[in-house]
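> Got target_17.cif for you, mmCIF, C-alpha atoms:
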```
data_protein
#
loop_
_atom_site.group_PDB
_atom_site.id
_atom_site.type_symbol
_atom_site.label_atom_id
_atom_site.label_comp_id
_atom_site.auth_asym_id
_atom_site.auth_seq_id
_atom_site.Cartn_x
_atom_site.Cartn_y
_atom_site.Cartn_z
ATOM 1 C CA MET A 1205 22.263 42.186 24.788
ATOM 2 C CA ILE A 1206 20.903 39.410 22.587
ATOM 3 C CA ASP A 1207 19.022 40.339 19.426
ATOM 4 C CA TRP A 1208 16.136 37.885 19.834
ATOM 5 C CA LEU A 1209 14.543 38.872 16.544
ATOM 6 C CA GLY A 1210 17.806 38.096 14.760
ATOM 7 C CA VAL A 1211 18.144 34.749 16.555
ATOM 8 C CA LEU A 1212 14.549 33.859 15.685
ATOM 9 C CA THR A 1213 15.092 34.838 12.047
ATOM 10 C CA VAL A 1214 18.189 32.638 11.815
ATOM 11 C CA LEU A 1215 16.330 29.701 13.383
ATOM 12 C CA VAL A 1216 13.409 30.039 10.974
ATOM 13 C CA VAL A 1217 15.672 30.296 7.921
ATOM 14 C CA CYS A 1218 17.785 27.347 9.086
ATOM 15 C CA SER A 1219 14.758 25.147 9.756
ATOM 16 C CA PHE A 1220 13.441 25.702 6.220
ATOM 17 C CA ALA A 1221 16.884 25.382 4.572
ATOM 18 C CA ALA A 1222 17.928 22.232 6.447
ATOM 19 C CA VAL A 1223 14.874 20.323 5.268
ATOM 20 C CA CYS A 1224 15.947 20.796 1.640
ATOM 21 C CA PHE A 1225 18.808 18.346 2.218
ATOM 22 C CA PHE A 1226 16.334 15.553 3.012
ATOM 23 C CA GLY A 1227 13.569 16.261 0.511
ATOM 24 C CA ALA A 1228 11.598 18.971 -1.197
ATOM 25 C CA PRO A 1229 11.521 22.569 -0.027
ATOM 26 C CA PHE A 1230 8.260 23.882 1.381
ATOM 27 C CA VAL A 1231 6.022 24.978 -1.466
ATOM 28 C CA PRO A 1232 2.359 25.502 -0.553
ATOM 29 C CA THR A 1233 0.054 23.414 -2.726
ATOM 30 C CA ARG A 1234 -2.912 25.148 -4.298
ATOM 31 C CA ARG A 1235 -6.080 23.702 -2.829
ATOM 32 C CA LYS A 1236 -7.682 23.113 -6.254
ATOM 33 C CA TRP A 1237 -4.673 21.097 -7.455
ATOM 34 C CA ALA A 1238 -4.525 19.126 -4.220
ATOM 35 C CA GLN A 1239 -8.217 18.230 -4.501
ATOM 36 C CA GLN A 1240 -7.752 17.070 -8.101
ATOM 37 C CA ALA A 1241 -4.769 14.932 -7.095
ATOM 38 C CA LEU A 1242 -6.645 13.311 -4.203
ATOM 39 C CA GLU A 1243 -9.630 12.547 -6.472
ATOM 40 C CA LEU A 1244 -7.399 10.121 -8.393
ATOM 41 C CA ALA A 1245 -7.453 7.653 -5.481
ATOM 42 C CA LYS A 1246 -11.228 7.693 -4.826
ATOM 43 C CA LEU A 1247 -10.677 7.910 -1.070
ATOM 44 C CA GLY A 1248 -13.361 7.115 1.484
ATOM 45 C CA ASP A 1249 -13.930 6.903 5.227
ATOM 46 C CA ARG A 1250 -12.216 3.493 5.470
ATOM 47 C CA ASP A 1251 -8.919 4.826 4.139
ATOM 48 C CA LEU A 1252 -5.816 5.887 6.031
ATOM 49 C CA VAL A 1253 -3.787 8.404 4.034
ATOM 50 C CA VAL A 1254 -0.193 9.326 4.800
ATOM 51 C CA ASP A 1255 1.123 12.712 3.645
ATOM 52 C CA LEU A 1256 4.914 12.566 3.353
ATOM 53 C CA GLY A 1257 6.200 16.072 3.992
ATOM 54 C CA SER A 1258 2.863 17.456 5.120
ATOM 55 C CA GLY A 1259 4.057 21.066 5.416
ATOM 56 C CA SER A 1260 1.434 23.412 6.800
ATOM 57 C CA GLY A 1261 -1.305 20.804 6.371
ATOM 58 C CA THR A 1262 -3.103 21.621 3.103
ATOM 59 C CA ILE A 1263 -3.608 17.959 2.171
ATOM 60 C CA LEU A 1264 -4.428 17.002 5.761
ATOM 61 C CA ARG A 1265 -7.054 19.749 5.903
ATOM 62 C CA ILE A 1266 -8.805 18.504 2.771
ATOM 63 C CA LEU A 1267 -8.798 14.966 4.165
ATOM 64 C CA ALA A 1268 -10.135 16.171 7.526
ATOM 65 C CA GLU A 1269 -13.006 17.956 5.782
ATOM 66 C CA ARG A 1270 -13.869 14.656 4.096
ATOM 67 C CA ARG A 1271 -13.569 12.820 7.439
ATOM 68 C CA ILE A 1272 -10.751 10.649 6.101
ATOM 69 C CA ARG A 1273 -8.115 9.530 8.593
ATOM 70 C CA ALA A 1274 -4.624 10.802 7.836
ATOM 71 C CA VAL A 1275 -1.111 10.973 9.231
ATOM 72 C CA GLY A 1276 1.290 13.714 8.179
ATOM 73 C CA PHE A 1277 5.055 13.392 8.489
ATOM 74 C CA GLU A 1278 6.885 16.719 8.631
ATOM 75 C CA LEU A 1279 10.564 17.383 9.253
ATOM 76 C CA ASN A 1280 10.437 21.172 9.633
ATOM 77 C CA PRO A 1281 9.614 21.920 13.293
ATOM 78 C CA ILE A 1282 7.912 25.221 12.447
ATOM 79 C CA LEU A 1283 5.592 23.673 9.848
ATOM 80 C CA TRP A 1284 4.989 20.711 12.166
ATOM 81 C CA LEU A 1285 3.915 23.089 14.940
ATOM 82 C CA VAL A 1286 1.580 24.998 12.585
ATOM 83 C CA SER A 1287 -0.063 21.709 11.543
ATOM 84 C CA LYS A 1288 -0.121 20.301 15.058
ATOM 85 C CA LEU A 1289 -1.962 23.382 16.316
ATOM 86 C CA ARG A 1290 -4.307 23.370 13.304
ATOM 87 C CA PHE A 1291 -5.424 19.797 14.019
ATOM 88 C CA LEU A 1292 -5.194 19.806 17.805
ATOM 89 C CA LYS A 1293 -8.883 18.985 18.264
ATOM 90 C CA ASN A 1294 -9.289 16.790 15.194
ATOM 91 C CA ASN A 1295 -9.675 13.038 15.749
ATOM 92 C CA PHE A 1296 -9.009 12.160 12.105
ATOM 93 C CA ILE A 1297 -5.578 13.761 11.730
ATOM 94 C CA GLN A 1298 -2.186 13.058 13.321
ATOM 95 C CA VAL A 1299 0.917 15.116 12.601
ATOM 96 C CA ARG A 1300 4.316 13.641 13.408
ATOM 97 C CA LEU A 1301 7.649 15.460 13.582
ATOM 98 C CA ARG A 1302 9.682 12.792 11.811
ATOM 99 C CA ASN A 1303 11.864 12.037 8.825
ATOM 100 C CA PHE A 1304 9.688 9.620 6.838
ATOM 101 C CA TRP A 1305 12.766 8.058 5.206
ATOM 102 C CA ARG A 1306 13.485 6.493 8.591
ATOM 103 C CA GLN A 1307 9.894 5.459 9.327
ATOM 104 C CA ASP A 1308 7.642 2.641 8.276
ATOM 105 C CA LEU A 1309 4.220 3.651 7.067
ATOM 106 C CA PRO A 1310 1.565 3.250 9.774
ATOM 107 C CA ALA A 1311 -0.267 -0.084 9.818
ATOM 108 C CA GLY A 1312 -3.390 0.077 7.683
ATOM 109 C CA THR A 1313 -2.105 2.721 5.266
ATOM 110 C CA THR A 1314 -4.185 2.587 2.082
ATOM 111 C CA ALA A 1315 -2.850 5.666 0.286
ATOM 112 C CA VAL A 1316 0.202 7.928 0.346
ATOM 113 C CA TYR A 1317 0.452 11.483 -0.972
ATOM 114 C CA VAL A 1318 3.837 12.992 -1.742
ATOM 115 C CA PHE A 1319 5.129 16.162 -3.345
ATOM 116 C CA ALA A 1320 8.853 15.853 -3.973
ATOM 117 C CA LEU A 1321 11.623 16.729 -6.356
ATOM 118 C CA THR A 1322 12.413 14.585 -9.378
ATOM 119 C CA ARG A 1323 15.843 13.915 -7.852
ATOM 120 C CA ASP A 1324 14.125 11.843 -5.137
ATOM 121 C CA ALA A 1325 11.831 9.844 -7.435
ATOM 122 C CA ARG A 1326 13.973 6.700 -7.614
ATOM 123 C CA LYS A 1327 14.593 6.669 -3.868
ATOM 124 C CA LEU A 1328 10.864 7.169 -3.215
ATOM 125 C CA GLU A 1329 9.968 4.305 -5.532
ATOM 126 C CA GLU A 1330 12.367 2.027 -3.624
ATOM 127 C CA TYR A 1331 10.860 3.220 -0.328
ATOM 128 C CA PHE A 1332 7.335 2.411 -1.561
ATOM 129 C CA LEU A 1333 8.365 -1.023 -2.852
ATOM 130 C CA LYS A 1334 9.879 -1.852 0.533
ATOM 131 C CA GLN A 1335 6.801 -0.597 2.405
ATOM 132 C CA ALA A 1336 4.430 -2.490 0.081
ATOM 133 C CA GLN A 1337 5.905 -5.830 1.142
ATOM 134 C CA LYS A 1338 3.728 -5.598 4.272
ATOM 135 C CA SER A 1339 0.516 -4.556 2.511
ATOM 136 C CA GLY A 1340 -0.463 -2.818 -0.683
ATOM 137 C CA PHE A 1341 -1.464 0.814 -1.032
ATOM 138 C CA SER A 1342 -1.804 3.495 -3.668
ATOM 139 C CA VAL A 1343 0.568 6.439 -4.074
ATOM 140 C CA ILE A 1344 -0.331 9.878 -5.358
ATOM 141 C CA THR A 1345 2.679 11.850 -6.518
ATOM 142 C CA PHE A 1346 2.381 15.526 -7.254
ATOM 143 C CA GLY A 1347 4.796 17.264 -9.590
ATOM 144 C CA PHE A 1348 6.838 14.229 -10.608
ATOM 145 C CA GLU A 1349 6.565 10.693 -11.934
ATOM 146 C CA LEU A 1350 8.136 7.546 -10.559
ATOM 147 C CA PRO A 1351 10.923 6.366 -12.881
ATOM 148 C CA THR A 1352 10.002 2.715 -13.562
ATOM 149 C CA LYS A 1353 6.400 2.310 -12.415
ATOM 150 C CA LYS A 1354 3.525 3.009 -14.784
ATOM 151 C CA ALA A 1355 0.846 5.328 -13.427
ATOM 152 C CA ALA A 1356 -2.661 3.848 -13.216
ATOM 153 C CA LYS A 1357 -4.165 7.346 -13.635
ATOM 154 C CA HIS A 1358 -2.939 10.911 -13.954
ATOM 155 C CA THR A 1359 -4.187 14.468 -14.114
ATOM 156 C CA LYS A 1360 -2.469 17.866 -14.424
ATOM 157 C CA GLY A 1361 0.804 17.017 -12.675
ATOM 158 C CA ALA A 1362 -0.535 14.307 -10.343
ATOM 159 C CA PHE A 1363 -0.009 10.575 -10.815
ATOM 160 C CA LEU A 1364 -1.610 7.555 -9.127
ATOM 161 C CA TYR A 1365 0.380 4.356 -8.671
ATOM 162 C CA ASN A 1366 -0.650 1.040 -7.154
ATOM 163 C CA PHE A 1367 1.829 -0.854 -4.993
#
```
Write out the structure in this file as C-alpha coordinates.

Amino acid sequence: MIDWLGVLTVLVVCSFAAVCFFGAPFVPTRRKWAQQALELAKLGDRDLVVDLGSGSGTILRILAERRIRAVGFELNPILWLVSKLRFLKNNFIQVRLRNFWRQDLPAGTTAVYVFALTRDARKLEEYFLKQAQKSGFSVITFGFELPTKKAAKHTKGAFLYNF
(Lines of atoms letter the chains of each structure in order from A and count residues from 1; the text may use other names and numbers.)
(Lines give C-alpha, C1' and ligand atoms only; values in the text may rest on other atoms or scores of the structure.)
Protein backbone atom coordinates (compact mmCIF):
# COMPACT_ATOMS: atom_id res chain seq x y z
CA MET A 1 0.00 0.00 0.00
CA ILE A 2 1.24 3.48 -0.86
CA ASP A 3 1.70 6.00 1.93
CA TRP A 4 0.08 8.97 0.19
CA LEU A 5 0.82 11.34 3.06
CA GLY A 6 4.50 10.44 2.82
CA VAL A 7 4.50 10.90 -0.97
CA LEU A 8 2.77 14.27 -0.61
CA THR A 9 5.25 15.36 2.07
CA VAL A 10 8.20 14.45 -0.16
CA LEU A 11 6.68 16.34 -3.10
CA VAL A 12 6.09 19.46 -1.02
CA VAL A 13 9.60 19.41 0.45
CA CYS A 14 11.16 18.80 -2.97
CA SER A 15 9.19 21.60 -4.62
CA PHE A 16 10.41 24.12 -2.03
CA ALA A 17 14.00 22.80 -2.00
CA ALA A 18 14.40 22.64 -5.78
CA VAL A 19 13.53 26.31 -6.19
CA CYS A 20 16.52 27.28 -4.03
CA PHE A 21 18.85 26.22 -6.85
CA PHE A 22 17.36 28.87 -9.15
CA GLY A 23 16.83 31.75 -6.74
CA ALA A 24 15.79 32.68 -3.25
CA PRO A 25 13.98 30.33 -0.90
CA PHE A 26 10.39 31.16 -0.02
CA VAL A 27 10.36 33.68 2.81
CA PRO A 28 7.03 35.44 3.38
CA THR A 29 7.39 39.21 3.23
CA ARG A 30 5.83 41.23 6.02
CA ARG A 31 3.03 43.33 4.58
CA LYS A 32 4.29 46.55 6.22
CA TRP A 33 7.76 46.13 4.69
CA ALA A 34 6.31 45.27 1.30
CA GLN A 35 4.13 48.39 1.35
CA GLN A 36 7.12 50.57 2.26
CA ALA A 37 9.17 49.05 -0.56
CA LEU A 38 6.42 49.59 -3.14
CA GLU A 39 5.99 53.22 -2.02
CA LEU A 40 9.49 53.92 -3.37
CA ALA A 41 8.25 53.62 -6.97
CA LYS A 42 5.14 55.84 -6.64
CA LEU A 43 3.03 53.34 -8.58
CA GLY A 44 -0.31 54.21 -10.15
CA ASP A 45 -3.09 52.71 -12.25
CA ARG A 46 -1.09 53.09 -15.48
CA ASP A 47 1.74 50.88 -14.24
CA LEU A 48 2.41 47.22 -14.92
CA VAL A 49 4.45 45.65 -12.12
CA VAL A 50 6.23 42.32 -12.39
CA ASP A 51 6.97 40.36 -9.21
CA LEU A 52 9.89 37.99 -9.83
CA GLY A 53 9.41 35.04 -7.51
CA SER A 54 5.93 36.04 -6.40
CA GLY A 55 5.58 33.28 -3.79
CA SER A 56 2.17 33.17 -2.15
CA GLY A 57 1.24 36.57 -3.60
CA THR A 58 1.86 39.15 -0.85
CA ILE A 59 3.13 41.80 -3.27
CA LEU A 60 0.48 40.92 -5.86
CA ARG A 61 -2.23 41.28 -3.22
CA ILE A 62 -1.09 44.77 -2.25
CA LEU A 63 -1.01 45.77 -5.92
CA ALA A 64 -4.47 44.29 -6.51
CA GLU A 65 -5.86 46.31 -3.60
CA ARG A 66 -4.46 49.44 -5.26
CA ARG A 67 -5.91 48.35 -8.63
CA ILE A 68 -2.45 48.21 -10.18
CA ARG A 69 -1.89 45.62 -12.91
CA ALA A 70 0.72 43.00 -12.05
CA VAL A 71 2.25 39.77 -13.27
CA GLY A 72 3.87 37.33 -10.86
CA PHE A 73 6.42 34.74 -11.94
CA GLU A 74 6.70 31.77 -9.60
CA LEU A 75 8.71 28.58 -10.02
CA ASN A 76 7.32 26.60 -7.08
CA PRO A 77 4.15 24.83 -8.30
CA ILE A 78 2.58 24.82 -4.83
CA LEU A 79 3.06 28.56 -4.30
CA TRP A 80 1.95 29.20 -7.89
CA LEU A 81 -1.27 27.28 -7.24
CA VAL A 82 -1.93 29.20 -4.00
CA SER A 83 -1.50 32.51 -5.86
CA LYS A 84 -3.43 31.36 -8.91
CA LEU A 85 -6.41 30.43 -6.73
CA ARG A 86 -6.10 33.65 -4.71
CA PHE A 87 -6.37 35.80 -7.84
CA LEU A 88 -8.67 33.62 -9.92
CA LYS A 89 -11.35 36.30 -10.21
CA ASN A 90 -9.03 39.31 -10.29
CA ASN A 91 -8.62 41.13 -13.61
CA PHE A 92 -5.54 43.06 -12.48
CA ILE A 93 -3.31 40.11 -11.55
CA GLN A 94 -1.75 37.29 -13.58
CA VAL A 95 0.34 34.53 -12.03
CA ARG A 96 2.63 32.49 -14.27
CA LEU A 97 4.37 29.22 -13.44
CA ARG A 98 7.70 30.09 -15.03
CA ASN A 99 11.39 30.56 -14.42
CA PHE A 100 11.82 34.31 -14.96
CA TRP A 101 15.49 33.85 -15.90
CA ARG A 102 14.23 32.32 -19.14
CA GLN A 103 11.50 34.90 -19.77
CA ASP A 104 11.37 38.40 -21.13
CA LEU A 105 9.46 40.89 -19.06
CA PRO A 106 5.93 41.46 -20.39
CA ALA A 107 5.53 44.34 -22.84
CA GLY A 108 4.67 47.54 -21.02
CA THR A 109 6.41 46.65 -17.76
CA THR A 110 7.05 49.84 -15.79
CA ALA A 111 8.30 48.36 -12.51
CA VAL A 112 9.80 45.12 -11.21
CA TYR A 113 9.84 43.90 -7.61
CA VAL A 114 12.32 41.24 -6.54
CA PHE A 115 13.39 39.65 -3.28
CA ALA A 116 16.52 37.58 -3.84
CA LEU A 117 19.79 36.53 -2.31
CA THR A 118 22.91 38.66 -2.58
CA ARG A 119 24.53 35.83 -4.55
CA ASP A 120 22.12 36.58 -7.43
CA ALA A 121 22.55 40.36 -7.44
CA ARG A 122 25.05 40.55 -10.30
CA LYS A 123 23.07 38.13 -12.46
CA LEU A 124 19.86 40.09 -11.75
CA GLU A 125 21.53 43.36 -12.71
CA GLU A 126 22.62 41.82 -16.03
CA TYR A 127 19.08 40.51 -16.56
CA PHE A 128 17.61 43.98 -15.96
CA LEU A 129 20.14 45.66 -18.27
CA LYS A 130 19.24 43.22 -21.04
CA GLN A 131 15.49 43.71 -20.48
CA ALA A 132 15.85 47.52 -20.38
CA GLN A 133 17.14 47.59 -23.96
CA LYS A 134 13.50 47.29 -25.08
CA SER A 135 12.08 49.92 -22.72
CA GLY A 136 12.98 51.44 -19.39
CA PHE A 137 11.49 50.52 -16.04
CA SER A 138 12.22 50.84 -12.35
CA VAL A 139 13.34 47.97 -10.11
CA ILE A 140 12.59 47.57 -6.43
CA THR A 141 14.92 45.16 -4.70
CA PHE A 142 14.17 43.94 -1.22
CA GLY A 143 16.91 42.67 1.05
CA PHE A 144 19.86 43.32 -1.25
CA GLU A 145 21.51 45.96 -3.40
CA LEU A 146 22.60 45.70 -7.01
CA PRO A 147 26.41 45.62 -7.21
CA THR A 148 27.22 48.42 -9.69
CA LYS A 149 24.04 50.47 -10.02
CA LYS A 150 23.35 53.37 -7.66
CA ALA A 151 19.93 53.33 -6.02
CA ALA A 152 17.72 56.35 -6.75
CA LYS A 153 15.96 55.88 -3.38
CA HIS A 154 16.04 53.45 -0.49
CA THR A 155 14.27 52.63 2.74
CA LYS A 156 14.75 49.94 5.41
CA GLY A 157 16.16 47.18 3.21
CA ALA A 158 14.45 48.19 -0.06
CA PHE A 159 16.17 49.93 -2.96
CA LEU A 160 14.78 51.61 -6.09
CA TYR A 161 16.78 51.59 -9.31
CA ASN A 162 15.98 53.12 -12.69
CA PHE A 163 16.86 51.20 -15.84
> Starting from the shown file, work through the PyMOL selection byres ((chain A and resi 1347-1359) around 10) and note down what comes out as a PDB file with C-alpha atoms, keeping the file's coordinate frame.

```pdb
ATOM      1  CA  TRP A1237      -4.673  21.097  -7.455  1.00  0.00           C
ATOM      2  CA  GLN A1240      -7.752  17.070  -8.101  1.00  0.00           C
ATOM      3  CA  ALA A1241      -4.769  14.932  -7.095  1.00  0.00           C
ATOM      4  CA  GLU A1243      -9.630  12.547  -6.472  1.00  0.00           C
ATOM      5  CA  LEU A1244      -7.399  10.121  -8.393  1.00  0.00           C
ATOM      6  CA  ALA A1245      -7.453   7.653  -5.481  1.00  0.00           C
ATOM      7  CA  VAL A1318       3.837  12.992  -1.742  1.00  0.00           C
ATOM      8  CA  PHE A1319       5.129  16.162  -3.345  1.00  0.00           C
ATOM      9  CA  ALA A1320       8.853  15.853  -3.973  1.00  0.00           C
ATOM     10  CA  LEU A1321      11.623  16.729  -6.356  1.00  0.00           C
ATOM     11  CA  THR A1322      12.413  14.585  -9.378  1.00  0.00           C
ATOM     12  CA  ARG A1323      15.843  13.915  -7.852  1.00  0.00           C
ATOM     13  CA  ASP A1324      14.125  11.843  -5.137  1.00  0.00           C
ATOM     14  CA  ALA A1325      11.831   9.844  -7.435  1.00  0.00           C
ATOM     15  CA  ARG A1326      13.973   6.700  -7.614  1.00  0.00           C
ATOM     16  CA  LYS A1327      14.593   6.669  -3.868  1.00  0.00           C
ATOM     17  CA  LEU A1328      10.864   7.169  -3.215  1.00  0.00           C
ATOM     18  CA  GLU A1329       9.968   4.305  -5.532  1.00  0.00           C
ATOM     19  CA  GLU A1330      12.367   2.027  -3.624  1.00  0.00           C
ATOM     20  CA  SER A1342      -1.804   3.495  -3.668  1.00  0.00           C
ATOM     21  CA  VAL A1343       0.568   6.439  -4.074  1.00  0.00           C
ATOM     22  CA  ILE A1344      -0.331   9.878  -5.358  1.00  0.00           C
ATOM     23  CA  THR A1345       2.679  11.850  -6.518  1.00  0.00           C
ATOM     24  CA  PHE A1346       2.381  15.526  -7.254  1.00  0.00           C
ATOM     25  CA  LYS A1360      -2.469  17.866 -14.424  1.00  0.00           C
ATOM     26  CA  GLY A1361       0.804  17.017 -12.675  1.00  0.00           C
ATOM     27  CA  ALA A1362      -0.535  14.307 -10.343  1.00  0.00           C
ATOM     28  CA  PHE A1363      -0.009  10.575 -10.815  1.00  0.00           C
ATOM     29  CA  LEU A1364      -1.610   7.555  -9.127  1.00  0.00           C
ATOM     30  CA  TYR A1365       0.380   4.356  -8.671  1.00  0.00           C
ATOM     31  CA  ASN A1366      -0.650   1.040  -7.154  1.00  0.00           C
ATOM     32  CA  PHE A1367       1.829  -0.854  -4.993  1.00  0.00           C
TER      33      PHE A1367
END
```
> From the list A:Arg1290, A:Arg1270, A:Arg1235, A:Arg1250, which residue is nearest Thr1314 in chain A when using all atoms listed in the file?
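That would be A:Arg1250, the residue with the smallest distance to Thr1314 in chain A.
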> Can you pull out every residue within 12 Å of Asn1294 in chain A, counting all atoms listed in the file, but drop anything in the same chain fewer than 2 positions away, and send it as a list in words?
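Residues near the query, excluding close chain neighbours: Leu1264, Arg1265, Leu1267, Ala1268, Glu1269, Arg1271, Ile1272, Arg1273, Ala1274, Val1275, Ser1287, Lys1288, Leu1289, Arg1290, Phe1291, Leu1292, Phe1296, Ile1297, Gln1298 and Val1299 of chain A.
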> Any chance you could export the current selection's C-alpha atoms as a PDB file, in the coordinates of the input?

```
ATOM      1  CA  LEU A1264      -4.428  17.002   5.761  1.00  0.00           C
ATOM      2  CA  ARG A1265      -7.054  19.749   5.903  1.00  0.00           C
ATOM      3  CA  LEU A1267      -8.798  14.966   4.165  1.00  0.00           C
ATOM      4  CA  ALA A1268     -10.135  16.171   7.526  1.00  0.00           C
ATOM      5  CA  GLU A1269     -13.006  17.956   5.782  1.00  0.00           C
ATOM      6  CA  ARG A1271     -13.569  12.820   7.439  1.00  0.00           C
ATOM      7  CA  ILE A1272     -10.751  10.649   6.101  1.00  0.00           C
ATOM      8  CA  ARG A1273      -8.115   9.530   8.593  1.00  0.00           C
ATOM      9  CA  ALA A1274      -4.624  10.802   7.836  1.00  0.00           C
ATOM     10  CA  VAL A1275      -1.111  10.973   9.231  1.00  0.00           C
ATOM     11  CA  SER A1287      -0.063  21.709  11.543  1.00  0.00           C
ATOM     12  CA  LYS A1288      -0.121  20.301  15.058  1.00  0.00           C
ATOM     13  CA  LEU A1289      -1.962  23.382  16.316  1.00  0.00           C
ATOM     14  CA  ARG A1290      -4.307  23.370  13.304  1.00  0.00           C
ATOM     15  CA  PHE A1291      -5.424  19.797  14.019  1.00  0.00           C
ATOM     16  CA  LEU A1292      -5.194  19.806  17.805  1.00  0.00           C
ATOM     17  CA  PHE A1296      -9.009  12.160  12.105  1.00  0.00           C
ATOM     18  CA  ILE A1297      -5.578  13.761  11.730  1.00  0.00           C
ATOM     19  CA  GLN A1298      -2.186  13.058  13.321  1.00  0.00           C
ATOM     20  CA  VAL A1299       0.917  15.116  12.601  1.00  0.00           C
TER      21      VAL A1299
END
```
> Once the PyMOL selection byres ((chain A and resi 1277) around 8) has been evaluated on this model, what residues remain selected, and can you format them as a ChimeraX atom specification?
/A:1254-1258,1275-1276,1278-1279,1299-1304
> Quote the spacing between CA of Asp1308 in chain A and CA of Gly1259 in chain A in Å to one decimal place.
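Answer for the CA of Asp1308 in chain A to CA of Gly1259 in chain A separation: 19.0 Å.
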> What gap, in Å, lies between CA of Asp1251 in chain A and CA of Tyr1317 in chain A?
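CA of Tyr1317 in chain A lies 12.6 Å from CA of Asp1251 in chain A.
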> Interatomic distance between CA of Pro1281 in chain A and CA of Asp1249 in chain A?
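Distance reported for this atom pair: 29.1 Å.
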> Restricting the calculation to all atoms listed in the file, which member of A:Ile1266, A:Val1253, A:Ala1311, A:Ala1336 is positioned closest to Gln1239 in chain A?
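Checking each candidate against Gln1239 in chain A, we get A:Ile1266 as the closest.
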> Tell me, as a list in words, which residues lie within 8 Å of Ala1238 in chain A, counting all atoms listed in the file; anything in the same chain fewer than 4 positions away does not count.
Thr1233, Arg1234, Leu1242, Thr1262 and Ile1263 of chain A
> Nearest to Gly1312 in chain A among A:Gly1248, A:Lys1338, A:Lys1236, A:Leu1285, with distances taken over all atoms listed in the file: which residue is it?
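Looking only at the distances to Gly1312 in chain A, the closest residue turns out to be A:Lys1338.
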